[in-house]
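Participant: Provided herewith: run-v7.csv, CSV, N, CA and C atoms.
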```
chain,number,residue,atom,x,y,z
O,27,MET,N,7.5,-13.2,-17.3
O,27,MET,CA,8.1,-14.3,-16.7
O,27,MET,C,8.9,-15.1,-17.7
O,28,ALA,N,10.1,-15.3,-17.5
O,28,ALA,CA,10.9,-16.1,-18.5
O,28,ALA,C,10.4,-17.6,-18.5
O,29,LYS,N,9.6,-18.0,-17.5
O,29,LYS,CA,9.1,-19.3,-17.5
O,29,LYS,C,8.2,-19.6,-18.7
O,30,VAL,N,7.5,-18.5,-19.2
O,30,VAL,CA,6.6,-18.6,-20.4
O,30,VAL,C,7.5,-18.9,-21.6
O,31,ARG,N,8.5,-18.0,-21.8
O,31,ARG,CA,9.4,-18.1,-22.9
O,31,ARG,C,10.7,-17.4,-22.5
O,32,PRO,N,11.8,-18.1,-22.7
O,32,PRO,CA,13.1,-17.4,-22.4
O,32,PRO,C,13.3,-16.1,-23.1
O,33,VAL,N,13.9,-15.2,-22.3
O,33,VAL,CA,14.2,-13.8,-22.9
O,33,VAL,C,15.2,-13.9,-24.0
O,34,GLY,N,14.9,-13.3,-25.1
O,34,GLY,CA,15.8,-13.2,-26.2
O,34,GLY,C,16.1,-11.8,-26.6
O,35,GLU,N,17.4,-11.4,-26.6
O,35,GLU,CA,17.8,-10.0,-26.8
O,35,GLU,C,17.2,-9.5,-28.1
O,36,MET,N,17.3,-10.3,-29.2
O,36,MET,CA,16.7,-9.8,-30.5
O,36,MET,C,15.3,-9.4,-30.4
O,37,GLY,N,14.5,-10.3,-29.7
O,37,GLY,CA,13.1,-10.0,-29.5
O,37,GLY,C,12.8,-8.7,-28.7
O,38,ILE,N,13.6,-8.5,-27.7
O,38,ILE,CA,13.5,-7.3,-26.9
O,38,ILE,C,13.8,-6.1,-27.7
O,39,GLN,N,14.9,-6.2,-28.5
O,39,GLN,CA,15.3,-5.0,-29.3
O,39,GLN,C,14.1,-4.7,-30.3
O,40,HIS,N,13.5,-5.7,-30.9
O,40,HIS,CA,12.4,-5.4,-31.8
O,40,HIS,C,11.3,-4.8,-31.1
O,41,LEU,N,10.9,-5.3,-29.9
O,41,LEU,CA,9.8,-4.7,-29.2
O,41,LEU,C,10.1,-3.3,-28.7
O,42,GLU,N,11.3,-3.0,-28.4
O,42,GLU,CA,11.7,-1.7,-27.9
O,42,GLU,C,11.6,-0.7,-29.1
O,43,ARG,N,12.0,-1.1,-30.3
O,43,ARG,CA,11.8,-0.2,-31.4
O,43,ARG,C,10.4,0.1,-31.7
O,44,GLU,N,9.5,-0.9,-31.5
O,44,GLU,CA,8.1,-0.6,-31.7
O,44,GLU,C,7.5,0.3,-30.6
O,45,PHE,N,8.2,0.5,-29.5
O,45,PHE,CA,7.7,1.3,-28.4
O,45,PHE,C,8.2,2.7,-28.4
O,46,VAL,N,8.9,3.2,-29.4
O,46,VAL,CA,9.5,4.5,-29.3
O,46,VAL,C,8.5,5.6,-29.2
O,47,LYS,N,7.3,5.4,-29.6
O,47,LYS,CA,6.2,6.5,-29.4
O,47,LYS,C,5.4,6.3,-28.1
O,48,GLY,N,5.8,5.3,-27.4
O,48,GLY,CA,5.2,5.0,-26.1
O,48,GLY,C,3.9,4.2,-26.2
O,49,TYR,N,3.3,4.0,-25.0
O,49,TYR,CA,2.1,3.2,-24.9
O,49,TYR,C,0.9,4.0,-25.4
O,50,ARG,N,0.2,3.5,-26.2
O,50,ARG,CA,-1.0,4.1,-26.8
O,50,ARG,C,-2.3,3.5,-26.2
O,51,ASP,N,-3.2,4.3,-25.8
O,51,ASP,CA,-4.5,3.7,-25.3
O,51,ASP,C,-5.0,2.8,-26.4
O,52,GLY,N,-5.4,1.6,-25.9
O,52,GLY,CA,-5.9,0.6,-26.9
O,52,GLY,C,-4.8,-0.4,-27.3
O,53,ASP,N,-3.6,-0.1,-26.9
O,53,ASP,CA,-2.4,-1.0,-27.2
O,53,ASP,C,-2.6,-2.3,-26.5
O,54,ARG,N,-1.7,-3.2,-26.7
O,54,ARG,CA,-1.9,-4.5,-26.1
O,54,ARG,C,-2.0,-4.4,-24.5
O,55,VAL,N,-2.7,-5.4,-24.0
O,55,VAL,CA,-2.8,-5.5,-22.6
O,55,VAL,C,-1.7,-6.4,-22.1
O,56,MET,N,-1.4,-6.3,-20.8
O,56,MET,CA,-0.5,-7.2,-20.1
O,56,MET,C,-1.3,-8.2,-19.3
O,57,TYR,N,-0.9,-9.4,-19.3
O,57,TYR,CA,-1.6,-10.4,-18.4
O,57,TYR,C,-0.7,-10.5,-17.1
O,58,ILE,N,-1.4,-10.2,-16.0
O,58,ILE,CA,-0.7,-10.1,-14.8
O,58,ILE,C,-1.3,-11.0,-13.7
O,59,SER,N,-0.6,-11.3,-12.7
O,59,SER,CA,-1.1,-12.0,-11.5
O,59,SER,C,-0.3,-11.7,-10.3
O,60,MET,N,-0.9,-11.8,-9.2
O,60,MET,CA,-0.2,-11.7,-7.9
O,60,MET,C,0.6,-12.9,-7.6
O,61,TYR,N,0.4,-14.0,-8.4
O,61,TYR,CA,1.0,-15.3,-8.2
O,61,TYR,C,2.0,-15.6,-9.3
O,62,ASN,N,3.1,-16.2,-8.9
O,62,ASN,CA,4.1,-16.6,-9.9
O,62,ASN,C,3.8,-18.1,-10.3
O,63,ASN,N,4.6,-18.7,-11.1
O,63,ASN,CA,4.4,-20.0,-11.6
O,63,ASN,C,4.5,-21.1,-10.5
O,64,GLU,N,4.9,-20.7,-9.3
O,64,GLU,CA,4.9,-21.6,-8.1
O,64,GLU,C,3.8,-21.3,-7.2
O,65,GLU,N,2.8,-20.4,-7.7
O,65,GLU,CA,1.6,-20.0,-6.9
O,65,GLU,C,2.0,-19.3,-5.7
O,66,LEU,N,3.1,-18.5,-5.7
O,66,LEU,CA,3.5,-17.7,-4.5
O,66,LEU,C,3.3,-16.2,-4.9
O,67,SER,N,3.0,-15.5,-3.8
O,67,SER,CA,2.8,-14.0,-4.0
O,67,SER,C,3.9,-13.3,-3.2
O,68,SER,N,4.2,-12.1,-3.5
O,68,SER,CA,5.2,-11.3,-2.8
O,68,SER,C,4.7,-9.9,-2.6
O,69,ASP,N,5.1,-9.3,-1.5
O,69,ASP,CA,4.8,-7.9,-1.2
O,69,ASP,C,5.8,-7.0,-1.8
O,70,VAL,N,5.4,-5.7,-2.0
O,70,VAL,CA,6.3,-4.7,-2.4
O,70,VAL,C,7.0,-4.2,-1.1
O,71,THR,N,8.3,-4.5,-1.1
O,71,THR,CA,9.1,-4.2,0.1
O,71,THR,C,9.9,-2.9,-0.1
O,72,GLU,N,10.5,-2.4,0.9
O,72,GLU,CA,11.4,-1.2,0.8
O,72,GLU,C,12.6,-1.6,0.0
O,73,GLU,N,13.0,-2.8,0.1
O,73,GLU,CA,14.2,-3.3,-0.7
O,73,GLU,C,13.9,-3.2,-2.2
O,74,VAL,N,12.7,-3.6,-2.6
O,74,VAL,CA,12.3,-3.5,-4.0
O,74,VAL,C,12.2,-2.0,-4.4
O,75,LYS,N,11.6,-1.2,-3.6
O,75,LYS,CA,11.4,0.2,-3.9
O,75,LYS,C,12.8,1.0,-4.0
O,76,ALA,N,13.8,0.4,-3.3
O,76,ALA,CA,15.1,1.1,-3.3
O,76,ALA,C,15.7,1.3,-4.7
O,77,ASP,N,15.3,0.4,-5.6
O,77,ASP,CA,15.8,0.4,-7.0
O,77,ASP,C,15.0,1.3,-7.9
O,78,TRP,N,13.9,1.9,-7.4
O,78,TRP,CA,13.0,2.7,-8.3
O,78,TRP,C,13.4,4.1,-8.3
O,79,SER,N,13.2,4.7,-9.5
O,79,SER,CA,13.5,6.1,-9.7
O,79,SER,C,12.4,7.0,-9.0
O,80,PRO,N,12.6,8.2,-8.8
O,80,PRO,CA,11.5,9.1,-8.3
O,80,PRO,C,10.3,9.0,-9.2
O,81,CYS,N,10.4,8.9,-10.5
O,81,CYS,CA,9.2,8.9,-11.3
O,81,CYS,C,8.4,7.6,-11.1
O,82,TRP,N,9.2,6.4,-10.9
O,82,TRP,CA,8.5,5.2,-10.7
O,82,TRP,C,7.9,5.2,-9.3
O,83,GLU,N,8.5,5.8,-8.3
O,83,GLU,CA,7.9,5.9,-7.0
O,83,GLU,C,6.6,6.7,-7.0
O,84,ARG,N,6.6,7.8,-7.8
O,84,ARG,CA,5.3,8.6,-7.9
O,84,ARG,C,4.3,7.8,-8.6
O,85,ALA,N,4.6,7.1,-9.7
O,85,ALA,CA,3.7,6.3,-10.4
O,85,ALA,C,3.1,5.2,-9.5
O,86,ASN,N,4.0,4.6,-8.7
O,86,ASN,CA,3.5,3.5,-7.8
O,86,ASN,C,2.5,4.1,-6.7
O,87,GLN,N,2.8,5.3,-6.2
O,87,GLN,CA,2.0,5.9,-5.2
O,87,GLN,C,0.6,6.2,-5.8
O,88,SER,N,0.6,6.7,-7.1
O,88,SER,CA,-0.7,6.9,-7.7
O,88,SER,C,-1.5,5.6,-7.9
O,89,PHE,N,-0.8,4.6,-8.3
O,89,PHE,CA,-1.4,3.3,-8.5
O,89,PHE,C,-2.0,2.8,-7.1
O,90,GLU,N,-1.2,2.9,-6.1
O,90,GLU,CA,-1.6,2.5,-4.7
O,90,GLU,C,-2.9,3.3,-4.3
O,91,ASP,N,-2.9,4.6,-4.6
O,91,ASP,CA,-4.0,5.4,-4.3
O,91,ASP,C,-5.3,4.9,-5.0
O,92,GLU,N,-5.2,4.5,-6.2
O,92,GLU,CA,-6.3,4.0,-7.0
O,92,GLU,C,-6.8,2.6,-6.4
O,93,LEU,N,-5.8,1.8,-6.0
O,93,LEU,CA,-6.2,0.5,-5.4
O,93,LEU,C,-6.9,0.7,-4.1
O,94,GLN,N,-6.4,1.6,-3.3
O,94,GLN,CA,-7.0,1.8,-2.0
O,94,GLN,C,-8.4,2.4,-2.1
O,95,ALA,N,-8.7,3.1,-3.1
O,95,ALA,CA,-9.9,3.8,-3.3
O,95,ALA,C,-11.0,2.9,-3.8
O,96,ASP,N,-10.7,1.7,-4.3
O,96,ASP,CA,-11.7,0.8,-4.8
O,96,ASP,C,-11.7,-0.5,-4.0
O,97,PRO,N,-12.9,-0.8,-3.3
O,97,PRO,CA,-13.0,-1.9,-2.5
O,97,PRO,C,-12.7,-3.2,-3.2
O,98,ASP,N,-12.9,-3.3,-4.5
O,98,ASP,CA,-12.7,-4.6,-5.2
O,98,ASP,C,-11.2,-4.7,-5.5
O,99,LEU,N,-10.4,-3.6,-5.6
O,99,LEU,CA,-9.0,-3.7,-5.9
O,99,LEU,C,-8.1,-3.6,-4.7
O,100,LYS,N,-8.6,-3.2,-3.6
O,100,LYS,CA,-7.8,-3.0,-2.4
O,100,LYS,C,-7.0,-4.2,-2.0
O,101,GLN,N,-7.5,-5.4,-2.4
O,101,GLN,CA,-6.7,-6.7,-2.1
O,101,GLN,C,-5.4,-6.7,-2.8
O,102,PHE,N,-5.2,-5.9,-3.9
O,102,PHE,CA,-4.0,-5.9,-4.6
O,102,PHE,C,-2.9,-4.9,-4.1
O,103,SER,N,-3.3,-4.1,-3.2
O,103,SER,CA,-2.5,-3.0,-2.7
O,103,SER,C,-1.2,-3.7,-2.0
O,104,GLY,N,-0.1,-3.1,-2.3
O,104,GLY,CA,1.2,-3.5,-1.7
O,104,GLY,C,1.7,-4.8,-2.2
O,105,LYS,N,1.1,-5.3,-3.3
O,105,LYS,CA,1.5,-6.6,-3.8
O,105,LYS,C,2.4,-6.4,-5.1
O,106,MET,N,3.3,-7.3,-5.3
O,106,MET,CA,4.0,-7.4,-6.6
O,106,MET,C,3.2,-8.1,-7.6
O,107,PHE,N,3.3,-7.7,-8.8
O,107,PHE,CA,2.6,-8.4,-9.9
O,107,PHE,C,3.6,-9.1,-10.8
O,108,TYR,N,3.2,-10.3,-11.2
O,108,TYR,CA,4.0,-11.0,-12.2
O,108,TYR,C,3.4,-10.9,-13.5
O,109,VAL,N,4.2,-10.6,-14.5
O,109,VAL,CA,3.6,-10.4,-15.9
O,109,VAL,C,3.8,-11.8,-16.6
O,110,TRP,N,2.6,-12.3,-17.0
O,110,TRP,CA,2.6,-13.6,-17.6
O,110,TRP,C,2.6,-13.4,-19.2
O,111,GLU,N,3.7,-13.2,-19.7
O,111,GLU,CA,3.8,-13.0,-21.2
O,111,GLU,C,5.0,-13.7,-21.7
O,112,GLY,N,5.0,-14.1,-22.9
O,112,GLY,CA,6.1,-14.8,-23.5
O,112,GLY,C,6.9,-13.9,-24.5
O,113,ASN,N,6.4,-12.7,-24.7
O,113,ASN,CA,7.1,-11.8,-25.7
O,113,ASN,C,8.0,-10.8,-25.1
O,114,HIS,N,7.9,-10.6,-23.8
O,114,HIS,CA,8.9,-9.8,-23.1
O,114,HIS,C,8.7,-8.3,-23.4
O,115,ARG,N,7.4,-7.9,-23.7
O,115,ARG,CA,7.1,-6.5,-23.9
O,115,ARG,C,7.5,-5.7,-22.7
O,116,LEU,N,7.2,-6.1,-21.5
O,116,LEU,CA,7.6,-5.4,-20.3
O,116,LEU,C,9.1,-5.1,-20.3
O,117,ALA,N,9.9,-6.0,-20.5
O,117,ALA,CA,11.3,-5.8,-20.5
O,117,ALA,C,11.8,-4.8,-21.5
O,118,ALA,N,11.2,-4.8,-22.7
O,118,ALA,CA,11.5,-3.9,-23.7
O,118,ALA,C,11.0,-2.5,-23.3
O,119,TRP,N,9.8,-2.4,-22.9
O,119,TRP,CA,9.3,-1.1,-22.5
O,119,TRP,C,10.0,-0.4,-21.4
O,120,LEU,N,10.3,-1.2,-20.3
O,120,LEU,CA,11.0,-0.7,-19.2
O,120,LEU,C,12.4,-0.2,-19.6
O,121,ARG,N,13.1,-1.0,-20.4
O,121,ARG,CA,14.4,-0.6,-20.9
O,121,ARG,C,14.4,0.7,-21.6
O,122,HIS,N,13.4,0.9,-22.5
O,122,HIS,CA,13.3,2.1,-23.3
O,122,HIS,C,13.0,3.3,-22.4
O,123,ILE,N,12.0,3.1,-21.5
O,123,ILE,CA,11.6,4.2,-20.6
O,123,ILE,C,12.8,4.6,-19.7
O,124,ASN,N,13.5,3.6,-19.1
O,124,ASN,CA,14.6,3.9,-18.2
O,124,ASN,C,15.8,4.5,-19.0
O,125,ASN,N,16.0,4.1,-20.2
O,125,ASN,CA,17.2,4.7,-21.0
O,125,ASN,C,16.9,6.0,-21.7
O,126,HIS,N,15.6,6.3,-22.0
O,126,HIS,CA,15.4,7.5,-22.8
O,126,HIS,C,14.4,8.5,-22.2
O,127,HIS,N,13.7,8.0,-21.2
O,127,HIS,CA,12.6,8.9,-20.6
O,127,HIS,C,12.6,8.8,-19.0
O,128,ALA,N,13.8,8.6,-18.5
O,128,ALA,CA,13.9,8.3,-17.0
O,128,ALA,C,13.3,9.4,-16.2
O,129,LYS,N,13.3,10.6,-16.6
O,129,LYS,CA,12.8,11.8,-15.8
O,129,LYS,C,11.5,12.4,-16.3
O,130,ASP,N,10.9,11.7,-17.2
O,130,ASP,CA,9.6,12.2,-17.9
O,130,ASP,C,8.4,11.4,-17.3
O,131,PRO,N,7.7,12.1,-16.4
O,131,PRO,CA,6.5,11.4,-15.7
O,131,PRO,C,5.5,10.9,-16.7
O,132,GLU,N,5.4,11.5,-17.9
O,132,GLU,CA,4.4,11.0,-18.9
O,132,GLU,C,4.7,9.6,-19.4
O,133,TRP,N,5.9,9.1,-19.2
O,133,TRP,CA,6.2,7.8,-19.6
O,133,TRP,C,6.1,6.7,-18.5
O,134,HIS,N,5.9,7.2,-17.3
O,134,HIS,CA,5.8,6.3,-16.1
O,134,HIS,C,4.3,6.2,-15.7
O,135,ILE,N,3.6,5.3,-16.4
O,135,ILE,CA,2.2,5.2,-16.3
O,135,ILE,C,1.7,3.7,-16.1
O,136,SER,N,0.5,3.6,-15.7
O,136,SER,CA,-0.1,2.3,-15.7
O,136,SER,C,-0.6,1.9,-17.1
O,137,VAL,N,-0.6,0.7,-17.4
O,137,VAL,CA,-1.1,0.2,-18.7
O,137,VAL,C,-2.3,-0.7,-18.4
O,138,HIS,N,-3.1,-1.0,-19.5
O,138,HIS,CA,-4.2,-1.9,-19.4
O,138,HIS,C,-3.7,-3.3,-19.1
O,139,CYS,N,-4.4,-3.9,-18.2
O,139,CYS,CA,-4.0,-5.3,-17.8
O,139,CYS,C,-5.2,-6.2,-17.6
O,140,ILE,N,-5.0,-7.4,-17.7
O,140,ILE,CA,-6.0,-8.5,-17.4
O,140,ILE,C,-5.4,-9.2,-16.2
O,141,VAL,N,-6.1,-9.3,-15.1
O,141,VAL,CA,-5.6,-9.9,-13.9
O,141,VAL,C,-6.0,-11.4,-13.9
O,142,LEU,N,-5.0,-12.3,-13.8
O,142,LEU,CA,-5.3,-13.7,-13.8
O,142,LEU,C,-5.0,-14.3,-12.4
O,143,ASP,N,-5.6,-15.5,-12.2
O,143,ASP,CA,-5.4,-16.2,-11.0
O,143,ASP,C,-4.9,-17.6,-11.5
O,144,PRO,N,-3.6,-17.9,-11.5
O,144,PRO,CA,-3.1,-19.2,-12.1
O,144,PRO,C,-3.2,-20.3,-11.1
O,145,ARG,N,-3.6,-20.1,-9.9
O,145,ARG,CA,-3.5,-21.1,-8.9
O,145,ARG,C,-4.3,-22.4,-9.3
O,146,GLY,N,-3.7,-23.5,-9.2
O,146,GLY,CA,-4.3,-24.7,-9.6
O,146,GLY,C,-4.3,-25.0,-11.1
O,147,GLN,N,-3.8,-24.1,-11.9
O,147,GLN,CA,-3.8,-24.3,-13.4
O,147,GLN,C,-2.6,-23.6,-14.0
O,148,VAL,N,-1.5,-23.7,-13.3
O,148,VAL,CA,-0.3,-23.0,-13.9
O,148,VAL,C,0.1,-23.6,-15.2
O,149,GLY,N,0.1,-24.9,-15.3
O,149,GLY,CA,0.5,-25.6,-16.6
O,149,GLY,C,-0.4,-25.1,-17.8
O,150,LEU,N,-1.7,-25.1,-17.6
O,150,LEU,CA,-2.6,-24.6,-18.6
O,150,LEU,C,-2.3,-23.1,-19.0
O,151,LEU,N,-2.1,-22.3,-18.0
O,151,LEU,CA,-1.8,-20.9,-18.2
O,151,LEU,C,-0.5,-20.7,-19.0
O,152,LEU,N,0.5,-21.4,-18.6
O,152,LEU,CA,1.8,-21.3,-19.3
O,152,LEU,C,1.6,-21.7,-20.7
O,153,ASN,N,0.9,-22.7,-21.0
O,153,ASN,CA,0.6,-23.2,-22.4
O,153,ASN,C,-0.1,-22.1,-23.1
O,154,ALA,N,-1.2,-21.6,-22.5
O,154,ALA,CA,-2.0,-20.5,-23.2
O,154,ALA,C,-1.2,-19.3,-23.5
O,155,MET,N,-0.4,-18.8,-22.5
O,155,MET,CA,0.5,-17.6,-22.7
O,155,MET,C,1.5,-17.8,-23.8
O,156,HIS,N,2.0,-19.0,-23.9
O,156,HIS,CA,3.0,-19.3,-24.9
O,156,HIS,C,2.3,-19.2,-26.3
O,157,ASP,N,1.1,-19.7,-26.4
O,157,ASP,CA,0.4,-19.6,-27.7
O,157,ASP,C,0.0,-18.1,-28.0
O,158,ILE,N,-0.5,-17.4,-27.0
O,158,ILE,CA,-1.0,-16.1,-27.2
O,158,ILE,C,0.1,-15.1,-27.6
O,159,ASN,N,1.2,-15.2,-27.0
O,159,ASN,CA,2.3,-14.2,-27.1
O,159,ASN,C,3.4,-14.6,-28.1
O,160,TRP,N,3.1,-15.4,-29.0
O,160,TRP,CA,4.2,-15.8,-30.0
O,160,TRP,C,4.5,-14.7,-30.9
```
Could you write out this file's structure as structure tokens?
Facilitator:
Amino acid sequence: MAKVRPVGEMGIQHLEREFVKGYRDGDRVMYISMYNNEELSSDVTEEVKADWSPCWERANQSFEDELQADPDLKQFSGKMFYVWEGNHRLAAWLRHINNHHAKDPEWHISVHCIVLDPRGQVGLLLNAMHDINW
């Protein structure tokens, strides 16, 4: 979310160069939430899916299957996730994958995440994310 820190092209280029070998198990986690900085959530709609490549569609279906199979995670099914980071790793990784590995399913994977609930504490979370992701 650009709300944590504005997107900077130089920073994204640096992160993209770091990602050329892909996501490695044990790499950095992403901090995600079903809620944005205004404490709103969104569903994954057909309009959203229309921009996805076949590889991203298959990755999403696999993710949805995992969510549906776990009673604790089922609540997240069909929901958009907001990435609460200030370093824009997601933007860099997606750009690299879409530009260099668009048809390679091995690059369209889920990564380790920590799920946050910012409701009622958005200001504190924004502050913490800014400090964590500098």
Participant: Could you list, as a ChimeraX atom specification, every residue within 8 Å of Leu93 of chain O, counting all atoms listed in the file and ignoring same-chain residues fewer than 5 positions away?
Facilitator: /O:87-88,98-104
Participant: As a PyMOL selection string, which residues of chain O does DSSP assign to alpha helix (DSSP H)?
Facilitator: chain O and resi 35-44+72-75+80-95+115-126+148-158
Participant: Quick one: pull the distance between atom CA of Pro80 of chain O and atom CA of Ala128 of chain O, Å, one decimal.
Facilitator: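 Distance between the two atoms: 9.1 Å.
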Participant: What is the atom N of Lys75 of chain O-atom C of Phe89 of chain O distance in Å, reported with one decimal?
Facilitator: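 Atom C of Phe89 of chain O lies 14.6 Å from atom N of Lys75 of chain O.
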Participant: One decimal, in Å: what's the spacing between atom C of Val109 of chain O and atom C of Ile58 of chain O?
Facilitator: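 If I compute the distance from atom C of Val109 of chain O to atom C of Ile58 of chain O, I get 5.9 Å.
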